[in-house]
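Novice: Just one file: query-v3.csv, with CSV, C-alpha atoms.
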chain,number,residue,atom,x,y,z
A,1,MET,CA,29.6,15.5,20.5
A,2,THR,CA,31.2,17.5,17.7
A,3,ARG,CA,30.6,14.8,15.2
A,4,ARG,CA,26.9,14.5,16.3
A,5,LEU,CA,26.5,18.3,15.9
A,6,ALA,CA,28.0,18.2,12.5
A,7,GLU,CA,25.9,15.3,11.3
A,8,VAL,CA,22.6,16.7,12.6
A,9,ALA,CA,23.4,20.2,11.2
A,10,LYS,CA,24.1,18.7,7.8
A,11,LYS,CA,20.9,16.6,7.9
A,12,VAL,CA,18.7,19.6,8.7
A,13,GLY,CA,20.6,22.2,6.7
A,14,VAL,CA,21.4,24.5,9.7
A,15,SER,CA,24.5,25.6,11.5
A,16,GLU,CA,26.1,23.5,14.3
A,17,ALA,CA,25.4,26.5,16.6
A,18,THR,CA,21.7,26.2,15.9
A,19,VAL,CA,21.8,22.5,16.7
A,20,SER,CA,23.6,23.2,19.9
A,21,ARG,CA,21.0,25.8,21.0
A,22,VAL,CA,18.2,23.2,20.4
A,23,LEU,CA,20.0,20.5,22.4
A,24,ASN,CA,20.7,22.8,25.3
A,25,GLY,CA,17.2,24.3,25.3
A,26,LYS,CA,18.3,27.8,24.4
A,27,PRO,CA,16.0,30.4,22.9
A,28,GLY,CA,16.3,32.0,19.4
A,29,VAL,CA,15.3,28.9,17.4
A,30,SER,CA,11.9,28.6,15.6
A,31,GLU,CA,9.6,25.7,16.5
A,32,ALA,CA,9.9,24.3,13.0
A,33,THR,CA,13.7,24.2,13.2
A,34,ARG,CA,13.6,22.7,16.7
A,35,GLN,CA,11.3,19.9,15.6
A,36,ALA,CA,13.5,19.3,12.5
A,37,VAL,CA,16.6,19.0,14.7
A,38,LEU,CA,14.9,16.6,17.1
A,39,SER,CA,13.6,14.5,14.2
A,40,ALA,CA,17.1,14.4,12.7
A,41,LEU,CA,18.5,13.1,16.0
A,42,ASP,CA,15.9,10.3,15.9
A,43,VAL,CA,16.6,9.4,12.3
A,44,LEU,CA,20.4,9.3,12.8
A,45,GLY,CA,19.9,7.1,15.9
A,46,TYR,CA,21.2,9.6,18.5
A,47,GLU,CA,19.6,9.8,22.0
A,48,ARG,CA,17.8,13.0,22.8
A,49,PRO,CA,19.2,15.0,25.7
A,50,THR,CA,17.5,14.0,29.0
A,51,GLN,CA,15.4,17.1,29.2
A,52,LEU,CA,13.9,16.5,25.7
A,53,ARG,CA,13.0,12.8,26.1
A,54,GLY,CA,9.6,13.4,27.5
A,55,GLU,CA,8.3,14.2,24.0
A,56,ARG,CA,7.5,11.5,21.5
A,57,ALA,CA,9.4,11.9,18.3
A,58,ARG,CA,7.8,13.7,15.4
A,59,LEU,CA,8.4,10.6,13.4
A,60,VAL,CA,5.8,8.4,11.7
A,61,GLY,CA,6.6,4.9,10.4
A,62,LEU,CA,5.4,4.2,6.9
A,63,VAL,CA,5.5,0.4,6.4
A,64,LEU,CA,5.3,-0.9,2.8
A,65,PRO,CA,5.5,-4.5,1.6
A,66,GLU,CA,7.6,-3.7,-1.5
A,67,LEU,CA,8.5,-1.0,-3.9
A,68,GLN,CA,8.5,-3.0,-7.2
A,69,ASN,CA,4.7,-2.5,-7.6
A,70,PRO,CA,4.4,1.3,-8.5
A,71,ILE,CA,1.3,1.7,-6.3
A,72,PHE,CA,3.3,1.6,-3.1
A,73,PRO,CA,5.8,4.4,-4.0
A,74,ALA,CA,2.7,6.3,-5.1
A,75,PHE,CA,1.1,5.9,-1.7
A,76,ALA,CA,4.5,6.8,0.0
A,77,GLU,CA,4.7,10.0,-2.0
A,78,VAL,CA,1.2,11.1,-1.0
A,79,ILE,CA,1.4,10.1,2.6
A,80,GLY,CA,4.9,11.4,3.1
A,81,GLY,CA,4.0,14.8,1.6
A,82,ALA,CA,0.8,15.1,3.8
A,83,LEU,CA,2.8,14.2,6.9
A,84,ALA,CA,5.5,16.8,6.1
A,85,GLN,CA,2.8,19.5,5.9
A,86,LEU,CA,1.9,18.7,9.5
A,87,GLY,CA,5.6,18.8,10.6
A,88,LEU,CA,5.9,15.1,10.8
A,89,THR,CA,8.7,13.1,9.3
A,90,SER,CA,8.0,9.7,7.6
A,91,VAL,CA,10.4,6.8,8.2
A,92,LEU,CA,10.1,4.5,5.2
A,93,CYS,CA,10.2,0.8,6.1
A,94,THR,CA,10.2,-1.4,3.0
A,95,GLN,CA,10.3,-5.2,3.3
A,96,THR,CA,12.5,-7.3,1.0
A,97,LYS,CA,12.7,-11.1,0.7
A,98,GLY,CA,15.0,-12.4,3.4
A,99,GLY,CA,15.4,-8.9,4.8
A,100,VAL,CA,13.9,-7.1,7.8
A,101,SER,CA,10.5,-8.4,8.7
A,102,GLU,CA,7.4,-6.3,9.4
A,103,ALA,CA,7.6,-7.2,13.1
A,104,ASP,CA,11.3,-6.2,13.2
A,105,TYR,CA,10.4,-2.8,11.7
A,106,VAL,CA,7.7,-2.3,14.3
A,107,GLU,CA,10.3,-3.0,17.0
A,108,LEU,CA,12.7,-0.5,15.5
A,109,LEU,CA,9.9,2.1,15.2
A,110,LEU,CA,9.0,1.6,18.9
A,111,GLN,CA,12.6,2.2,19.9
A,112,GLN,CA,12.5,5.5,18.0
A,113,GLN,CA,9.4,6.5,20.0
A,114,VAL,CA,7.5,7.2,16.8
A,115,SER,CA,4.3,9.2,17.0
A,116,GLY,CA,2.4,6.7,14.8
A,117,VAL,CA,2.5,4.2,12.0
A,118,VAL,CA,0.8,3.9,8.7
A,119,PHE,CA,0.7,0.5,7.0
A,120,ALA,CA,0.1,0.5,3.3
A,121,GLY,CA,-0.2,-3.2,2.5
A,122,GLY,CA,1.1,-5.7,4.9
A,123,LEU,CA,0.5,-8.8,7.0
A,124,TYR,CA,-2.7,-7.3,8.4
A,125,ALA,CA,-4.4,-8.2,5.1
A,126,GLN,CA,-3.4,-11.9,5.4
A,127,ALA,CA,-5.5,-14.0,7.8
A,128,GLU,CA,-2.9,-16.7,8.3
A,129,ALA,CA,0.1,-14.3,8.9
A,130,PRO,CA,1.5,-13.4,12.3
A,131,HIS,CA,-0.2,-10.4,13.9
A,132,ASP,CA,1.4,-10.1,17.3
A,133,HIS,CA,3.3,-6.9,16.4
A,134,TYR,CA,0.0,-5.1,15.7
A,135,ARG,CA,-1.2,-6.0,19.1
A,136,GLN,CA,2.0,-4.7,20.5
A,137,LEU,CA,1.3,-1.3,18.9
A,138,ALA,CA,-2.2,-1.3,20.3
A,139,ASP,CA,-1.0,-2.2,23.8
A,140,ARG,CA,1.3,0.8,23.7
A,141,ASN,CA,-1.5,3.1,22.4
A,142,ILE,CA,0.5,4.0,19.3
A,143,PRO,CA,-1.7,5.6,16.6
A,144,VAL,CA,-2.0,3.3,13.6
A,145,VAL,CA,-3.9,3.6,10.3
A,146,LEU,CA,-4.2,0.7,7.8
A,147,VAL,CA,-4.5,1.2,4.0
A,148,ASN,CA,-6.9,-1.3,2.3
A,149,ALA,CA,-8.7,-4.3,3.7
A,150,ALA,CA,-7.5,-5.9,6.9
A,151,ILE,CA,-8.5,-9.0,8.9
A,152,ALA,CA,-11.3,-8.4,11.5
A,153,ASP,CA,-10.7,-7.3,15.1
A,154,LEU,CA,-7.3,-5.6,14.9
A,155,GLY,CA,-9.0,-2.4,16.2
A,156,PHE,CA,-7.3,0.1,13.9
A,157,PRO,CA,-9.0,2.6,11.6
A,158,ALA,CA,-8.5,1.9,7.9
A,159,VAL,CA,-9.0,3.6,4.5
A,160,SER,CA,-9.8,1.2,1.7
A,161,CYS,CA,-10.6,1.2,-2.0
A,162,ASP,CA,-14.0,-0.6,-2.4
A,163,ASP,CA,-13.0,-4.0,-3.8
A,164,ALA,CA,-16.6,-5.0,-4.5
A,165,VAL,CA,-17.2,-1.9,-6.7
A,166,ALA,CA,-13.9,-2.4,-8.5
A,167,VAL,CA,-14.8,-5.9,-9.5
A,168,GLU,CA,-18.4,-5.0,-10.4
A,169,GLN,CA,-17.0,-2.2,-12.7
A,170,ALA,CA,-14.5,-4.6,-14.4
A,171,TRP,CA,-17.0,-7.5,-14.7
A,172,ARG,CA,-19.7,-5.4,-16.3
A,173,HIS,CA,-17.2,-3.8,-18.7
A,174,LEU,CA,-16.0,-7.3,-19.9
A,175,ALA,CA,-19.6,-8.6,-20.1
A,176,SER,CA,-20.7,-5.6,-22.1
A,177,LEU,CA,-17.9,-6.5,-24.6
A,178,GLY,CA,-19.5,-10.0,-25.0
A,179,HIS,CA,-17.1,-11.9,-22.8
A,180,GLU,CA,-18.8,-15.0,-21.3
A,181,ARG,CA,-15.8,-16.8,-20.0
A,182,ILE,CA,-14.4,-14.3,-17.4
A,183,GLY,CA,-11.7,-15.3,-15.0
A,184,LEU,CA,-10.0,-13.8,-11.9
A,185,VAL,CA,-6.3,-13.7,-11.1
A,186,LEU,CA,-6.1,-13.0,-7.3
A,187,GLY,CA,-3.7,-13.1,-4.5
A,188,PRO,CA,-3.4,-15.9,-1.9
A,189,GLY,CA,-6.5,-17.5,-0.4
A,190,ASP,CA,-6.0,-15.7,2.9
A,191,HIS,CA,-5.6,-12.2,1.3
A,192,MET,CA,-8.5,-10.1,2.4
A,193,PRO,CA,-8.8,-7.7,-0.6
A,194,SER,CA,-8.7,-10.8,-2.9
A,195,ALA,CA,-11.4,-12.5,-0.8
A,196,ARG,CA,-13.6,-9.4,-1.2
A,197,LYS,CA,-13.0,-9.3,-4.9
A,198,LEU,CA,-13.9,-13.0,-5.3
A,199,ALA,CA,-17.1,-12.5,-3.2
A,200,ALA,CA,-18.1,-9.6,-5.4
A,201,ALA,CA,-17.5,-11.5,-8.6
A,202,ARG,CA,-19.6,-14.4,-7.4
A,203,ALA,CA,-22.4,-11.9,-6.5
A,204,VAL,CA,-22.4,-10.2,-9.9
A,205,ALA,CA,-21.7,-13.2,-12.1
A,206,ALA,CA,-24.4,-15.5,-13.5
A,207,GLU,CA,-21.8,-18.2,-13.1
A,208,LEU,CA,-18.2,-18.3,-12.0
A,209,PRO,CA,-16.6,-21.8,-12.0
A,210,ASP,CA,-13.8,-22.5,-9.6
A,211,GLU,CA,-11.5,-23.3,-12.5
A,212,HIS,CA,-11.9,-19.8,-13.7
A,213,VAL,CA,-10.2,-18.4,-10.5
A,214,ALA,CA,-6.4,-18.6,-10.1
A,215,ARG,CA,-4.2,-17.6,-7.2
A,216,ALA,CA,-0.8,-16.0,-7.6
A,217,ILE,CA,1.9,-14.1,-5.8
A,218,PHE,CA,1.7,-10.4,-6.6
A,219,SER,CA,4.2,-10.1,-9.5
A,220,ILE,CA,4.4,-10.2,-13.3
A,221,GLU,CA,5.7,-13.7,-13.0
A,222,GLY,CA,2.8,-14.8,-10.8
A,223,GLY,CA,0.3,-13.2,-13.3
A,224,HIS,CA,2.0,-15.0,-16.2
A,225,ALA,CA,1.7,-18.5,-14.5
A,226,ALA,CA,-1.9,-17.9,-13.4
A,227,GLY,CA,-2.9,-16.4,-16.7
A,228,ALA,CA,-1.4,-19.3,-18.7
A,229,LYS,CA,-3.6,-21.8,-16.7
A,230,LEU,CA,-6.8,-19.8,-17.3
A,231,ILE,CA,-6.1,-19.3,-21.0
A,232,ASP,CA,-5.8,-23.1,-21.3
A,233,ARG,CA,-9.2,-23.3,-19.6
A,234,GLY,CA,-10.8,-21.1,-22.2
A,235,VAL,CA,-11.0,-17.8,-20.3
A,236,THR,CA,-11.1,-14.8,-22.7
A,237,GLY,CA,-11.6,-11.9,-20.2
A,238,PHE,CA,-9.4,-11.4,-17.2
A,239,ILE,CA,-9.9,-9.4,-14.0
A,240,CYS,CA,-6.6,-9.1,-12.0
A,241,ALA,CA,-6.0,-8.0,-8.4
A,242,SER,CA,-3.1,-5.8,-9.4
A,243,ASP,CA,-1.5,-4.2,-12.5
A,244,PRO,CA,1.7,-6.3,-12.3
A,245,LEU,CA,-0.6,-9.4,-12.3
A,246,ALA,CA,-2.4,-8.0,-15.4
A,247,LEU,CA,0.9,-7.4,-17.2
A,248,GLY,CA,1.8,-11.0,-16.5
A,249,VAL,CA,-1.4,-12.2,-18.1
A,250,VAL,CA,-0.7,-10.1,-21.2
A,251,ARG,CA,2.7,-11.7,-21.4
A,252,ALA,CA,1.2,-15.2,-21.0
A,253,ALA,CA,-1.3,-14.5,-23.8
A,254,ARG,CA,1.5,-13.4,-26.1
A,255,ARG,CA,3.7,-16.4,-25.3
A,256,LYS,CA,0.7,-18.5,-26.5
A,257,GLY,CA,0.5,-16.6,-29.7
A,258,LEU,CA,-2.7,-14.8,-28.7
A,259,ASP,CA,-3.4,-11.1,-29.4
A,260,VAL,CA,-4.4,-8.7,-26.6
A,261,PRO,CA,-7.1,-7.4,-26.9
A,262,THR,CA,-8.7,-9.1,-30.0
A,263,GLN,CA,-8.4,-12.6,-28.5
A,264,VAL,CA,-7.8,-12.0,-24.8
A,265,SER,CA,-9.0,-8.9,-22.8
A,266,VAL,CA,-7.2,-7.9,-19.5
A,267,VAL,CA,-8.3,-5.6,-16.7
A,268,GLY,CA,-5.8,-4.6,-14.0
A,269,TYR,CA,-6.2,-3.0,-10.6
A,270,ASP,CA,-4.6,0.2,-9.2
A,271,ASP,CA,-3.8,2.3,-12.3
A,272,SER,CA,-0.2,2.5,-11.1
A,273,ALA,CA,2.5,4.6,-12.9
A,274,LEU,CA,3.1,4.0,-16.6
A,275,MET,CA,0.0,1.7,-17.2
A,276,ASN,CA,-1.0,4.1,-20.0
A,277,CYS,CA,2.5,3.5,-21.6
A,278,THR,CA,2.3,-0.3,-21.8
A,279,GLU,CA,1.6,-2.1,-25.1
A,280,PRO,CA,-1.3,-2.1,-25.3
A,281,PRO,CA,-2.2,0.5,-22.7
A,282,LEU,CA,-3.8,-1.3,-19.7
A,283,THR,CA,-7.4,-1.0,-18.9
A,284,THR,CA,-7.5,-1.0,-15.1
A,285,VAL,CA,-9.5,0.1,-12.0
A,286,ARG,CA,-7.9,3.2,-10.5
A,287,GLN,CA,-7.5,3.5,-6.7
A,288,PRO,CA,-8.0,7.1,-5.5
A,289,ILE,CA,-4.5,7.2,-4.1
A,290,GLU,CA,-4.5,11.0,-3.3
A,291,SER,CA,-7.7,10.9,-1.4
A,292,MET,CA,-6.9,7.7,0.4
A,293,GLY,CA,-3.4,8.8,1.4
A,294,LYS,CA,-4.6,12.2,2.7
A,295,ALA,CA,-7.4,10.5,4.7
A,296,ALA,CA,-5.0,8.1,6.3
A,297,VAL,CA,-2.8,11.0,7.5
A,298,GLU,CA,-5.8,12.9,8.8
A,299,LEU,CA,-6.9,9.9,10.8
A,300,LEU,CA,-3.4,9.4,12.1
A,301,ASN,CA,-2.9,13.1,13.0
A,302,ALA,CA,-6.2,13.1,14.9
A,303,GLN,CA,-5.1,10.2,17.0
A,304,ILE,CA,-1.7,11.8,17.6
A,305,GLY,CA,-3.5,14.9,18.8
A,306,GLY,CA,-5.5,12.9,21.4
A,307,THR,CA,-8.8,12.6,19.5
A,308,ALA,CA,-10.5,9.2,19.8
A,309,VAL,CA,-10.9,7.7,16.3
A,310,PRO,CA,-13.3,4.8,15.8
A,311,ALA,CA,-11.8,1.6,14.3
A,312,ASP,CA,-14.0,2.0,11.2
A,313,GLU,CA,-13.1,1.5,7.6
A,314,LEU,CA,-13.6,4.3,5.2
A,315,LEU,CA,-14.4,3.0,1.7
A,316,PHE,CA,-13.3,5.0,-1.3
A,317,GLU,CA,-14.8,4.7,-4.8
A,318,PRO,CA,-12.6,3.3,-7.5
A,319,GLU,CA,-12.8,4.3,-11.2
A,320,LEU,CA,-12.6,2.1,-14.3
A,321,VAL,CA,-10.1,3.5,-16.7
A,322,VAL,CA,-10.7,2.0,-20.2
A,323,ARG,CA,-7.7,1.7,-22.4
A,324,GLY,CA,-6.4,-0.6,-25.1
A,325,SER,CA,-6.2,-4.0,-23.3
A,326,THR,CA,-9.9,-4.8,-23.6
A,327,ALA,CA,-12.1,-5.3,-26.7
A,328,GLN,CA,-15.0,-7.2,-28.1
A,329,ALA,CA,-14.9,-10.9,-27.2
A,330,PRO,CA,-13.6,-13.2,-30.0
A,331,ARG,CA,-16.3,-15.1,-31.9
A,332,ASP,CA,-16.0,-18.9,-31.5
Please lay out the structure from this file as C-alpha cells.
Specialist:
Amino acid sequence: MTRRLAEVAKKVGVSEATVSRVLNGKPGVSEATRQAVLSALDVLGYERPTQLRGERARLVGLVLPELQNPIFPAFAEVIGGALAQLGLTSVLCTQTKGGVSEADYVELLLQQQVSGVVFAGGLYAQAEAPHDHYRQLADRNIPVVLVNAAIADLGFPAVSCDDAVAVEQAWRHLASLGHERIGLVLGPGDHMPSARKLAAARAVAAELPDEHVARAIFSIEGGHAAGAKLIDRGVTGFICASDPLALGVVRAARRKGLDVPTQVSVVGYDDSALMNCTEPPLTTVRQPIESMGKAAVELLNAQIGGTAVPADELLFEPELVVRGSTAQAPRD
C-alpha cells in the first residue's frame, strides 16, 4: 500500500496524503486532482478501490501504426493535447514489427476501462486485415473515432483528409509543369486511402496506364523500390501516398543519376515534419492535422458524454505546398 501511494504521488506530483484522501473518498481534494490520481492508478496498473470502480477511467487509447513516419507523432501531439484540455489522459499504443498487435492493444485498453479510443492509421484502413477487435469495441459501446479512410460498415465516425482532392491538386500541378508521364506510388491494394487516390487519379487523368502505378510498403525503402520501377518505365512526375515514399523516390532517382527536379519531379503527401528541410525541399500535399485532430477529440468527447454521434466521415480539405522537388518536365 505504501509503495502504491508513493508511486501514484510521484506520477501526479502531489503528496502521498493527497493520494490517500482520494483513495479513501475524503474531502479536501479538487476534482482535477482526484481525476489525475485515478488516471495514474489506471496507468500504473493498480486496481481502483471498490467504491471507485463504478466510474470508467478518464483514459483514452490513442492507437498508432508506427512512429517513424512523422505524421503520426504529429497527430499524437494534437490529439493528446486536446484530450488533456478535457481532463482526459491519452494512452499511446504504438505497434512495432513483431511486437504487440492492434488487437492486443484493444484488449489491454478494455482491461483499463478506457473512456474511448482514437485510431490514427490502422487495420481499419485495410480491407483484408482482421477487424474483429473493432467489433469488440462496438459491442461494448466504447466510443471510437477513426482518422482517415476506413473500410465500410465498421459503424464508427471518422475524420479524413480528402484523398480525391489531394490527388487532383498534385496531378494538376504536375500537368501544369508539362509532365505527361505521371505515375503513382501507393500503399497496398487493400489500403483504402490508396484506393481513393487511385480512383481520383483515374478520374482526372486523360490516361493512366497500369504500369504507371506501383504499390509499396509505407517507408523510404518501399518508395525507393517502387520509384526505381516507374523511372525505368519512363515516368517523370510522381504522386506519392506519403512523404517517406516520396523521399524514397527522390533517392531512387539519384541512384540512377537523375536530378530532382529537372529530370524527375516528386510530390509527397502529409507535409510531415522537416519536409521543408530535405534536399530539395519536398513539394507535398498537407493534411490539416490540427483541425482533424481536434475534430476527432470533439467527436470522441461527445460520445463519452452520452451524445449519439452518427457514423459519418468528415472530409477535410488538403493544401498543396509547392517547394523544390517539382519543376518543368524535361524535354525529350
Novice: Got a sec: who's within 12 Å of A:Ala273, counting all atoms listed in the file, leaving out chain neighbours fewer than 4 positions off, as a list in words?
Specialist: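 Here the answer would be Gln68, Asn69, Pro70, Ile71, Phe72, Pro73, Ala74, Phe75, Asp243, Pro244, Tyr269, Cys277, Thr278, Pro281, Leu282, Thr284, Arg286, Gln287 and Ile289 of chain A.
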Novice: Between A:Val63, A:Leu92, A:Ala205, A:Val12, which has the minimum distance to A:Arg34 (counting only C-alpha atoms)?
Specialist: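 Selected residue with least distance to A:Arg34: A:Val12.
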Novice: Within 10 Å of (17.2, 22.8, 22.9) in the file's own coordinates, which protein, DNA or RNA residues have an atom, counting only C-alpha atoms? List them as a PyMOL selection string.
Specialist: chain A and resi 18-29+34-35+37-38+48-49+51-52
Novice: Restricting the calculation to all atoms listed in the file, which member of A:Ala200, A:Ala127, A:Val8, A:Leu300 is positioned closest to A:Ser115?
Specialist: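 Among the listed residues, the smallest separation from A:Ser115 belongs to A:Leu300.
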Novice: I'd like to know which of A:Asp270, A:Glu7, A:Glu107, A:Glu77 is closest to A:Asp163, using only C-alpha atoms.
Specialist: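 Among A:Asp270, A:Glu7, A:Glu107, A:Glu77, it is A:Asp270 that comes nearest to A:Asp163.
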Novice: Please provide the set of residues having any atom within 12 Å of A:Asp139, restricted to all atoms listed in the file, with same-chain residues fewer than 4 positions apart removed, written as a list of chain:residue names.
Specialist: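 Listing them by chain and then by number gives A:Leu110, A:Asp132, A:His133, A:Tyr134, A:Arg135, A:Pro143, A:Val144, A:Leu154, A:Gly155, A:Phe156.
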Novice: Rounded to one decimal in Å, what is the spacing between atom CA of A:Leu174 and atom CA of A:Gly237?
Specialist: 6.4 Å
Novice: Would you please work out which residue, of A:Thr236, A:Ser265, A:Asn148, A:Ser176, is nearest to A:Leu314 when using all atoms listed in the file?
Specialist: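 Among the listed residues, A:Asn148 lies closest to A:Leu314.
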Novice: Kindly indicate which residue among A:Pro280, A:Pro330, A:Pro288, A:Gly222 lies nearest to A:Gly234, using only C-alpha atoms for the distances.
Specialist: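 The shortest atom-to-atom distance to A:Gly234 comes from A:Pro330.
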Novice: Taking (-2.8, -14.1, 6.1) in the file's coordinates as the center, which residues reach within 10 Å of it, counting only C-alpha atoms, put as a count of residues only?
Specialist: 17
Novice: Which neighbours of A:Gly116 fall inside 10 Å, counting only C-alpha atoms, when residues of the same chain fewer than 5 positions from it are skipped, and could you give them as a list in words?
Specialist: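 Listed by chain and then number, they are Arg56, Ala57, Arg58, Leu59, Val60, Gly61, Leu62, Leu88, Ser90, Leu109, Leu110, Leu137, Asn141, Ile142, Pro143, Val144, Val145, Val297, Leu300, Asn301, Gln303 and Ile304 of chain A.
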Novice: Taking C-alpha atoms for each residue, export the selection above as an mmCIF file, in the coordinates of the input.
Specialist:
data_model
loop_
_atom_site.group_PDB
_atom_site.id
_atom_site.type_symbol
_atom_site.label_atom_id
_atom_site.label_comp_id
_atom_site.auth_asym_id
_atom_site.auth_seq_id
_atom_site.Cartn_x
_atom_site.Cartn_y
_atom_site.Cartn_z
ATOM 1 C CA ARG A 56 7.500 11.500 21.500
ATOM 2 C CA ALA A 57 9.400 11.900 18.300
ATOM 3 C CA ARG A 58 7.800 13.700 15.400
ATOM 4 C CA LEU A 59 8.400 10.600 13.400
ATOM 5 C CA VAL A 60 5.800 8.400 11.700
ATOM 6 C CA GLY A 61 6.600 4.900 10.400
ATOM 7 C CA LEU A 62 5.400 4.200 6.900
ATOM 8 C CA LEU A 88 5.900 15.100 10.800
ATOM 9 C CA SER A 90 8.000 9.700 7.600
ATOM 10 C CA LEU A 109 9.900 2.100 15.200
ATOM 11 C CA LEU A 110 9.000 1.600 18.900
ATOM 12 C CA LEU A 137 1.300 -1.300 18.900
ATOM 13 C CA ASN A 141 -1.500 3.100 22.400
ATOM 14 C CA ILE A 142 0.500 4.000 19.300
ATOM 15 C CA PRO A 143 -1.700 5.600 16.600
ATOM 16 C CA VAL A 144 -2.000 3.300 13.600
ATOM 17 C CA VAL A 145 -3.900 3.600 10.300
ATOM 18 C CA VAL A 297 -2.800 11.000 7.500
ATOM 19 C CA LEU A 300 -3.400 9.400 12.100
ATOM 20 C CA ASN A 301 -2.900 13.100 13.000
ATOM 21 C CA GLN A 303 -5.100 10.200 17.000
ATOM 22 C CA ILE A 304 -1.700 11.800 17.600
#
Novice: Pick the closest to A:Ala82 from A:Ser291, A:Asn276, A:Gln328, A:Gln95: which is it, counting only C-alpha atoms?
Specialist: A:Ser291
Novice: Rounded to one decimal in Å, what is the spacing between atom CA of A:Val118 and atom CA of A:Arg215?
Specialist: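 Computing it gives 27.2 Å between the two atoms.
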Novice: Using Å and a single decimal, report how far atom CA of A:Thr326 sits from atom CA of A:Val167.
Specialist: 15.0 Å
Novice: Please identify all polymer residues within 12 Å of A:Val249, counting all atoms listed in the file, omitting same-chain residues fewer than 3 positions from it, and present them as an MDAnalysis selection string.
Specialist: chainID A and resid 183:186 214 216 219:231 235:246 252:256 258:261 264:268 282 325
